[in-house]
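Asks: Hey, dropping work-v5.txt in here, compact mmCIF, C-alpha atoms:
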# COMPACT_ATOMS: atom_id res chain seq x y z
CA MET A 369 0.00 0.00 0.00
CA ARG A 370 2.79 2.41 0.94
CA GLN A 371 4.57 1.61 -2.33
CA LEU A 372 1.37 2.37 -4.30
CA LEU A 373 0.93 5.70 -2.49
CA ALA A 374 4.56 6.60 -3.22
CA ILE A 375 4.05 5.91 -6.92
CA ILE A 376 0.87 8.03 -7.02
CA PHE A 377 2.63 10.90 -5.24
CA ALA A 378 5.60 10.72 -7.61
CA LEU A 379 3.32 10.79 -10.66
CA PHE A 380 1.42 13.77 -9.23
CA ALA A 381 4.65 15.68 -8.52
CA TYR A 382 5.91 14.97 -12.03
CA SER A 383 2.68 16.19 -13.65
CA CYS A 384 2.80 19.40 -11.60
CA SER A 385 6.41 20.09 -12.52
CA ASN A 386 5.57 19.73 -16.21
CA ASP A 387 2.39 21.81 -16.23
CA ASP A 388 3.27 25.03 -18.07
CA ASN A 389 0.13 26.71 -16.74
CA LEU A 390 1.12 26.37 -13.10
CA ASP A 391 2.63 29.55 -11.71
CA PRO A 392 4.14 28.99 -8.24
CA VAL A 393 4.50 32.77 -7.74
CA PRO A 394 1.19 34.70 -7.53
CA PHE A 395 0.97 37.44 -10.15
CA ARG A 396 1.13 41.02 -8.92
CA THR A 397 1.08 44.22 -10.94
CA GLU A 398 4.24 46.27 -10.47
CA TYR A 399 3.43 49.87 -9.59
CA ILE A 400 6.15 52.43 -10.31
CA ASP A 401 5.83 55.81 -8.61
CA SER A 402 6.63 59.09 -10.35
CA ALA A 403 9.64 59.53 -8.06
CA GLU A 404 11.24 56.53 -9.80
CA VAL A 405 10.59 57.91 -13.29
CA LYS A 406 12.97 60.12 -15.25
CA MET A 407 11.42 62.41 -17.88
CA THR A 408 13.81 64.27 -20.16
CA GLU A 409 12.77 66.78 -22.80
CA PHE A 410 13.41 65.18 -26.18
CA ILE A 411 11.77 67.46 -28.76
CA ASN A 412 10.20 70.89 -28.36
CA LEU A 413 7.23 70.92 -30.74
CA SER A 414 7.19 74.72 -30.41
CA ASP A 415 3.75 75.14 -31.91
CA ASN A 416 0.16 75.18 -30.72
CA PRO A 417 -1.97 73.87 -33.58
CA LYS A 418 -5.39 72.23 -33.23
CA ALA A 419 -5.64 69.43 -30.63
CA MET A 420 -2.68 67.04 -30.47
CA GLN A 421 -3.42 63.34 -30.94
CA GLY A 422 -1.39 60.17 -31.51
CA MET A 423 2.33 59.97 -32.16
CA THR A 424 4.58 57.35 -33.76
CA VAL A 425 8.17 56.85 -34.91
CA TYR A 426 9.46 55.38 -38.15
CA GLY A 427 13.15 55.20 -38.96
CA ASP A 428 14.81 58.39 -37.73
CA ARG A 429 11.64 60.48 -37.84
CA LEU A 430 8.93 61.27 -35.33
CA TYR A 431 5.35 61.86 -36.53
CA GLN A 432 3.03 63.94 -34.32
CA PHE A 433 -0.60 64.01 -35.48
CA TYR A 434 -3.38 66.49 -34.73
CA ASN A 435 -7.16 66.37 -34.77
CA ASN A 436 -7.50 68.30 -38.05
CA GLY A 437 -5.43 65.76 -40.00
CA ARG A 438 -2.21 67.69 -39.63
CA CYS A 439 1.04 65.76 -39.24
CA ARG A 440 4.29 67.41 -38.20
CA VAL A 441 7.46 65.41 -38.88
CA PHE A 442 10.63 65.83 -36.81
CA ASP A 443 14.14 64.54 -37.38
CA MET A 444 15.12 62.40 -34.37
CA MET A 445 18.77 63.44 -34.51
CA SER A 446 18.58 67.20 -35.06
CA LYS A 447 15.18 67.48 -33.24
CA GLN A 448 14.12 69.91 -35.96
CA LEU A 449 10.83 70.12 -37.88
CA ILE A 450 11.43 68.79 -41.40
CA ASP A 451 7.90 68.41 -42.81
CA ASP A 452 4.34 69.59 -42.19
CA LYS A 453 1.48 67.81 -43.98
CA THR A 454 -2.28 67.61 -43.78
CA PHE A 455 -4.32 64.49 -44.47
CA VAL A 456 -8.00 63.56 -44.12
CA GLU A 457 -9.59 65.29 -41.13
CA GLY A 458 -10.54 63.07 -38.23
CA HIS A 459 -9.46 61.72 -34.87
CA TYR A 460 -5.93 60.29 -34.96
CA GLY A 461 -6.21 58.82 -31.47
CA SER A 462 -3.66 56.05 -32.03
CA VAL A 463 -1.30 55.73 -34.98
CA GLU A 464 1.17 53.01 -35.96
CA PHE A 465 3.19 52.28 -39.09
CA SER A 466 2.75 48.73 -40.41
CA ASP A 467 5.27 46.60 -42.30
CA GLU A 468 3.32 46.67 -45.58
CA TYR A 469 3.62 48.95 -48.61
CA GLU A 470 0.83 49.66 -51.06
CA ASN A 471 3.33 50.35 -53.86
CA PRO A 472 6.94 49.09 -54.11
CA SER A 473 8.15 52.63 -54.74
CA ASP A 474 6.51 54.12 -51.62
CA GLU A 475 8.84 55.71 -49.09
CA LEU A 476 6.62 54.97 -46.08
CA PRO A 477 4.65 51.83 -45.16
CA LEU A 478 0.90 52.05 -44.57
CA LEU A 479 -0.17 53.88 -41.41
CA TYR A 480 -2.95 52.34 -39.29
CA ILE A 481 -5.16 54.71 -37.32
CA GLY A 482 -7.35 53.55 -34.44
CA GLY A 483 -9.60 56.58 -34.17
CA ARG A 484 -12.87 57.86 -35.54
CA MET A 485 -12.34 59.34 -38.98
CA GLU A 486 -15.01 61.40 -40.75
CA VAL A 487 -15.05 58.96 -43.66
CA LYS A 488 -16.06 56.09 -41.37
CA THR A 489 -19.72 55.16 -40.97
CA SER A 490 -19.32 52.60 -38.18
CA PRO A 491 -16.63 51.53 -35.69
CA GLY A 492 -13.45 50.31 -37.29
CA TYR A 493 -10.02 51.64 -38.19
CA THR A 494 -8.39 53.55 -41.00
CA VAL A 495 -5.43 52.75 -43.22
CA LEU A 496 -3.62 55.81 -44.58
CA ASN A 497 -1.05 55.83 -47.37
CA MET A 498 0.96 58.89 -46.43
CA ASN A 499 2.81 58.78 -49.75
CA GLN A 500 -0.27 59.56 -51.85
CA GLY A 501 -2.80 60.46 -49.13
CA ASP A 502 -5.13 57.55 -49.99
CA VAL A 503 -7.47 56.37 -47.24
CA LYS A 504 -9.13 52.98 -46.72
CA CYS A 505 -11.52 52.17 -43.87
CA ILE A 506 -12.00 48.69 -42.42
CA GLU A 507 -15.17 48.23 -40.38
CA PHE A 508 -15.48 45.83 -37.46
CA ASP A 509 -17.82 42.91 -38.15
CA SER A 510 -19.29 43.24 -34.66
CA LEU A 511 -20.63 46.30 -32.88
CA ILE A 512 -18.24 47.76 -30.34
CA ALA A 513 -20.13 50.31 -28.30
CA ASN A 514 -17.21 52.42 -27.23
CA GLN A 515 -14.24 52.56 -29.55
CA VAL A 516 -11.42 54.81 -28.34
CA LEU A 517 -8.13 53.60 -29.81
CA CYS A 518 -6.35 50.54 -31.20
CA ALA A 519 -3.01 48.80 -30.87
CA PHE A 520 -1.64 46.66 -33.70
CA ASP A 521 0.50 43.51 -33.54
CA PHE A 522 1.47 43.40 -37.22
CA LYS A 523 3.67 40.30 -36.83
CA ARG A 524 0.67 38.20 -35.79
CA GLY A 525 -1.89 40.16 -37.78
CA VAL A 526 -3.92 40.89 -34.65
CA GLY A 527 -5.20 44.27 -33.47
CA TYR A 528 -6.74 45.23 -30.14
CA ASN A 529 -9.53 47.74 -29.69
CA LEU A 530 -9.54 49.57 -26.35
CA GLY A 531 -12.65 51.23 -24.98
CA TYR A 532 -14.73 51.51 -21.84
CA LYS A 533 -16.97 48.71 -20.59
CA ASP A 534 -20.66 49.12 -21.46
CA ASN A 535 -19.99 52.55 -22.97
CA ASP A 536 -19.92 53.93 -19.42
CA PRO A 537 -20.16 57.74 -19.35
CA ASP A 538 -18.07 57.86 -16.16
CA HIS A 539 -14.88 56.97 -18.02
CA GLU A 540 -12.63 57.70 -15.09
CA PHE A 541 -14.16 54.71 -13.25
CA ALA A 542 -15.31 52.23 -15.92
CA PRO A 543 -13.12 49.17 -16.62
CA TYR A 544 -11.36 49.03 -19.98
CA GLU A 545 -12.72 46.66 -22.59
CA VAL A 546 -10.05 45.02 -24.80
CA THR A 547 -11.27 43.28 -27.96
CA PRO A 548 -8.90 41.40 -30.32
CA PHE A 549 -9.58 41.61 -34.06
CA ASP A 550 -8.08 40.43 -37.32
CA ILE A 551 -6.18 43.34 -38.88
CA ALA A 552 -6.81 42.25 -42.47
CA THR A 553 -10.59 41.80 -42.18
CA GLY A 554 -11.80 43.61 -39.06
CA LYS A 555 -13.33 40.40 -37.71
CA CYS A 556 -13.62 40.73 -33.93
CA ASP A 557 -12.81 37.95 -31.47
CA ILE A 558 -15.70 38.53 -29.10
CA ALA A 559 -14.90 35.34 -27.15
CA GLY A 560 -11.39 36.68 -26.57
CA ARG A 561 -12.58 40.03 -25.18
CA PHE A 562 -11.37 40.82 -21.67
CA PHE A 563 -11.58 43.62 -19.12
CA ILE A 564 -8.95 45.34 -17.00
CA LYS A 565 -8.87 48.01 -14.32
CA ASN A 566 -9.22 51.65 -15.36
CA GLU A 567 -6.05 53.72 -14.93
CA GLY A 568 -7.28 56.99 -16.49
CA HIS A 569 -8.53 58.53 -19.72
CA LEU A 570 -7.25 56.53 -22.73
CA GLN A 571 -5.07 58.62 -25.02
CA ASP A 572 -2.71 56.54 -27.21
CA ALA A 573 -1.29 53.01 -27.43
CA THR A 574 1.57 51.12 -29.07
CA PHE A 575 2.41 47.42 -29.27
CA VAL A 576 5.82 46.35 -27.90
CA ASP A 577 7.06 42.76 -27.42
CA GLY A 578 3.74 41.10 -26.67
CA ASN A 579 2.38 44.00 -24.63
CA ILE A 580 0.12 46.93 -25.39
CA TRP A 581 1.57 50.06 -23.82
CA VAL A 582 -1.02 52.73 -23.12
CA VAL A 583 -0.68 56.34 -22.03
CA THR A 584 -3.51 58.01 -20.12
CA GLY A 585 -4.42 61.63 -19.38
CA TRP A 586 -5.66 64.04 -18.44
CA GLY A 587 -3.29 65.22 -15.79
CA SER A 588 -5.49 68.17 -14.87
CA PRO A 589 -8.72 67.57 -12.87
CA TRP A 590 -11.27 65.79 -15.05
CA ASN A 591 -14.90 65.82 -13.99
CA GLY A 592 -13.75 66.85 -10.54
CA VAL A 593 -11.27 63.97 -10.25
CA ASP A 594 -7.54 64.68 -10.08
CA VAL A 595 -6.09 61.95 -12.32
CA PRO A 596 -2.30 61.82 -12.75
CA ILE A 597 -0.85 60.90 -16.12
CA LYS A 598 0.09 57.22 -16.31
CA MET A 599 1.41 54.64 -18.74
CA PHE A 600 0.78 50.93 -18.31
CA SER A 601 1.30 47.62 -20.11
CA ILE A 602 -1.25 44.96 -21.04
CA ASP A 603 0.03 41.41 -21.49
CA VAL A 604 -2.38 40.20 -24.20
CA GLU A 605 -1.52 36.51 -23.78
CA TYR A 606 -2.34 36.35 -20.08
CA GLN A 607 -4.83 39.27 -20.17
CA ARG A 608 -3.28 41.12 -17.25
CA VAL A 609 -1.41 44.33 -16.45
CA PRO A 610 2.29 43.77 -15.59
CA LYS A 611 3.23 47.42 -14.98
CA VAL A 612 1.57 50.72 -14.10
CA VAL A 613 3.88 53.75 -14.23
CA THR A 614 2.70 57.02 -12.71
CA LEU A 615 4.18 60.02 -14.49
CA GLY A 616 2.42 62.63 -12.36
CA TRP A 617 2.48 65.96 -14.20
CA HIS A 618 -0.98 66.94 -13.01
CA ASN A 619 -0.99 70.23 -14.90
CA TYR A 620 -0.28 68.63 -18.29
CA GLU A 621 -2.13 66.30 -20.65
CA ALA A 622 -0.53 63.27 -22.30
CA GLU A 623 -1.44 62.66 -25.94
CA GLY A 624 0.97 60.33 -27.76
CA ILE A 625 3.18 57.35 -26.97
CA ALA A 626 5.89 55.75 -29.12
CA TYR A 627 8.72 53.28 -28.58
CA HIS A 628 12.16 53.86 -30.07
CA ASN A 629 15.53 52.20 -29.37
CA GLY A 630 14.44 50.83 -26.01
CA HIS A 631 12.92 54.12 -24.83
CA PHE A 632 9.35 55.34 -24.52
CA LEU A 633 8.47 58.78 -25.85
CA ILE A 634 5.45 60.69 -24.55
CA SER A 635 4.04 63.85 -26.16
CA MET A 636 2.33 66.39 -23.89
CA ARG A 637 -0.26 68.99 -24.66
CA LYS A 638 0.05 72.34 -22.83
CA SER A 639 3.82 71.98 -22.76
CA TYR A 640 3.85 70.99 -26.48
CA LYS A 641 6.92 68.85 -25.92
CA VAL A 642 7.96 65.22 -26.37
CA PHE A 643 9.63 63.59 -23.37
CA ASP A 644 11.94 60.60 -23.14
CA VAL A 645 10.66 58.41 -20.30
CA THR A 646 12.80 55.89 -18.44
CA PHE A 647 12.03 53.88 -15.31
Let me see the file written as structure tokens.
Replies:
Amino acid sequence: MRQLLAIIFALFAYSCSNDDNLDPVPFRTEYIDSAEVKMTEFINLSDNPKAMQGMTVYGDRLYQFYNNGRCRVFDMMSKQLIDDKTFVEGHYGSVEFSDEYENPSDELPLLYIGGRMEVKTSPGYTVLNMNQGDVKCIEFDSLIANQVLCAFDFKRGVGYNLGYKDNDPDHEFAPYEVTPFDIATGKCDIAGRFFIKNEGHLQDATFVDGNIWVVTGWGSPWNGVDVPIKMFSIDVEYQRVPKVVTLGWHNYEAEGIAYHNGHFLISMRKSYKVFDVTF
């Protein structure tokens, strides 16, 4: 009998040691206080055009978008403005260059925009060819009540729509709703939808190494609530939040986030500057 029990125990121990889903250490979100964060001025945008929106980086250039379709392009080395263009008017809430080109001769790959554009009739996302200014809209196959912005994993062909659960008007308290979708078709994975804790007003997002990184504003009091600017990561595989970084800056408003050479860049309204953020 003792020998049988020993065999059963050994088999149980072996199965536990080989179960990839077992995590002996309970998961905890890492919270990083503003005192542990270093923010260094990277680029002075030195202009105050219509409302700032999403920001992205491609090559050695930074692209800051605005609500009227304006895009200001800065050289990352000299930090100087090198181009100023205007595209279709709309909400450029989140912007990300893909790895696909519409034409072999195009200088820039297609830009994906996760915001409400005037040419859209229902929730979805917009593909902009910045070389010719052509616009294509892809609509979601399922209704998403509250679309705010998107993050794109171009390697896997999967995007993620971020909004507020049940279209809650009290955004500063409602959980975030994260819905995966197929980038090529707009088909939503409703069964894969998940919810996470609200960390502030959604502003922009970028996809980095299996995680969605989101920046939230506003730093100034919003609906009577003093909400500091934060950035946080979403692990899409395990549907959890590994890090929440408080930037503080209560008298500013974050707008864009981009990742470049191992550093995060955050653009701020009111100061009209881009900051290099390390923690």
Asks: Do you know which residues are at most 6 Å from region 414-430 of chain A counting all atoms listed in the file, after dropping those on the same chain fewer than 3 positions away, and could you put them as a list in words?
Replies: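 So the residues in contact are Phe433, Tyr434, Asn435, Val441, Phe442, Asp443, Met444, Tyr460, Gly461, Ser462, Val463, Glu464, Asp572, Glu623, Gly624, Ile625 and Ala626 of chain A.
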Asks: Restrict the selected residues to C-alpha atoms and save them as a tab-separated table (two decimals), in the frame of the given file.
Replies:
chain	number	residue	atom	x	y	z
A	433	PHE	CA	-0.60	64.01	-35.48
A	434	TYR	CA	-3.38	66.49	-34.73
A	435	ASN	CA	-7.16	66.37	-34.77
A	441	VAL	CA	7.46	65.41	-38.88
A	442	PHE	CA	10.63	65.83	-36.81
A	443	ASP	CA	14.14	64.54	-37.38
A	444	MET	CA	15.12	62.40	-34.37
A	460	TYR	CA	-5.93	60.29	-34.96
A	461	GLY	CA	-6.21	58.82	-31.47
A	462	SER	CA	-3.66	56.05	-32.03
A	463	VAL	CA	-1.30	55.73	-34.98
A	464	GLU	CA	1.17	53.01	-35.96
A	572	ASP	CA	-2.71	56.54	-27.21
A	623	GLU	CA	-1.44	62.66	-25.94
A	624	GLY	CA	0.97	60.33	-27.76
A	625	ILE	CA	3.18	57.35	-26.97
A	626	ALA	CA	5.89	55.75	-29.12
Asks: Just how far from CA of His569 (chain A) is CA of Leu478 (chain A), in Å to one decimal?
Replies: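 Answer for the CA of Leu478 (chain A) to CA of His569 (chain A) separation: 27.4 Å.
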Asks: Give me the residues within 6 Å of Gly527 (chain A) as a PyMOL selection string, counting all atoms listed in the file and dropping any in the same chain fewer than 4 places off.
Replies: chain A and resi 519-521+548-549+551
Asks: Select all residues near (-10.5, 49.2, -28.8) (cut-off 7 Å, inclusive, file coordinates), counting all atoms listed in the file, and output them as a PDB file with C-alpha atoms, in the frame of the given file.
Replies:
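The resulting out.pdb:
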ATOM      1  CA  GLN A 515     -14.240  52.560 -29.550  1.00  0.00           C
ATOM      2  CA  VAL A 516     -11.420  54.810 -28.340  1.00  0.00           C
ATOM      3  CA  LEU A 517      -8.130  53.600 -29.810  1.00  0.00           C
ATOM      4  CA  CYS A 518      -6.350  50.540 -31.200  1.00  0.00           C
ATOM      5  CA  TYR A 528      -6.740  45.230 -30.140  1.00  0.00           C
ATOM      6  CA  ASN A 529      -9.530  47.740 -29.690  1.00  0.00           C
ATOM      7  CA  LEU A 530      -9.540  49.570 -26.350  1.00  0.00           C
ATOM      8  CA  GLY A 531     -12.650  51.230 -24.980  1.00  0.00           C
ATOM      9  CA  VAL A 546     -10.050  45.020 -24.800  1.00  0.00           C
ATOM     10  CA  THR A 547     -11.270  43.280 -27.960  1.00  0.00           C
TER      11      THR A 547
END
Asks: List the spatial neighbours of region 636-644 of chain A as a PyMOL selection string - criterion: any atom at most 8 Å away, all atoms listed in the file, same-chain residues fewer than 2 positions off excluded.
Replies: chain A and resi 406-416+420+620-624+631-634+646
Asks: If you count all atoms listed in the file, which residues fall within 7 Å of Gly437 (chain A), apart from same-chain ones fewer than 3 positions away, as a ChimeraX atom specification?
Replies: /A:433-434,454-458
Asks: Please produce a file of those selected residues containing C-alpha atoms, as a CSV table (one decimal), keeping the file's coordinate frame.
Replies:
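selection25.csv, written as the output of this step:
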chain,number,residue,atom,x,y,z
A,433,PHE,CA,-0.6,64.0,-35.5
A,434,TYR,CA,-3.4,66.5,-34.7
A,454,THR,CA,-2.3,67.6,-43.8
A,455,PHE,CA,-4.3,64.5,-44.5
A,456,VAL,CA,-8.0,63.6,-44.1
A,457,GLU,CA,-9.6,65.3,-41.1
A,458,GLY,CA,-10.5,63.1,-38.2
Asks: CA of Ile602 (chain A) to CA of Pro394 (chain A): how many Å, to one decimal?
Replies: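 For CA of Ile602 (chain A) relative to CA of Pro394 (chain A), the distance reads 17.1 Å.
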Asks: Between CA of Asp401 (chain A) and CA of Lys598 (chain A), measure the distance and give it in Å to one decimal.
Replies: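 Interatomic distance, CA of Asp401 (chain A) to CA of Lys598 (chain A): 9.7 Å.
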Asks: Specify the axis-aligned box that encloses all atoms of region 547-551 of chain A listed in the file after padding of 5 Å on each side, stating its centre and edge lengths in Å to one decimal as JSON.
Replies:
{"center_x": -8.7, "center_y": 41.9, "center_z": -33.4, "size_x": 15.1, "size_y": 12.9, "size_z": 20.9}
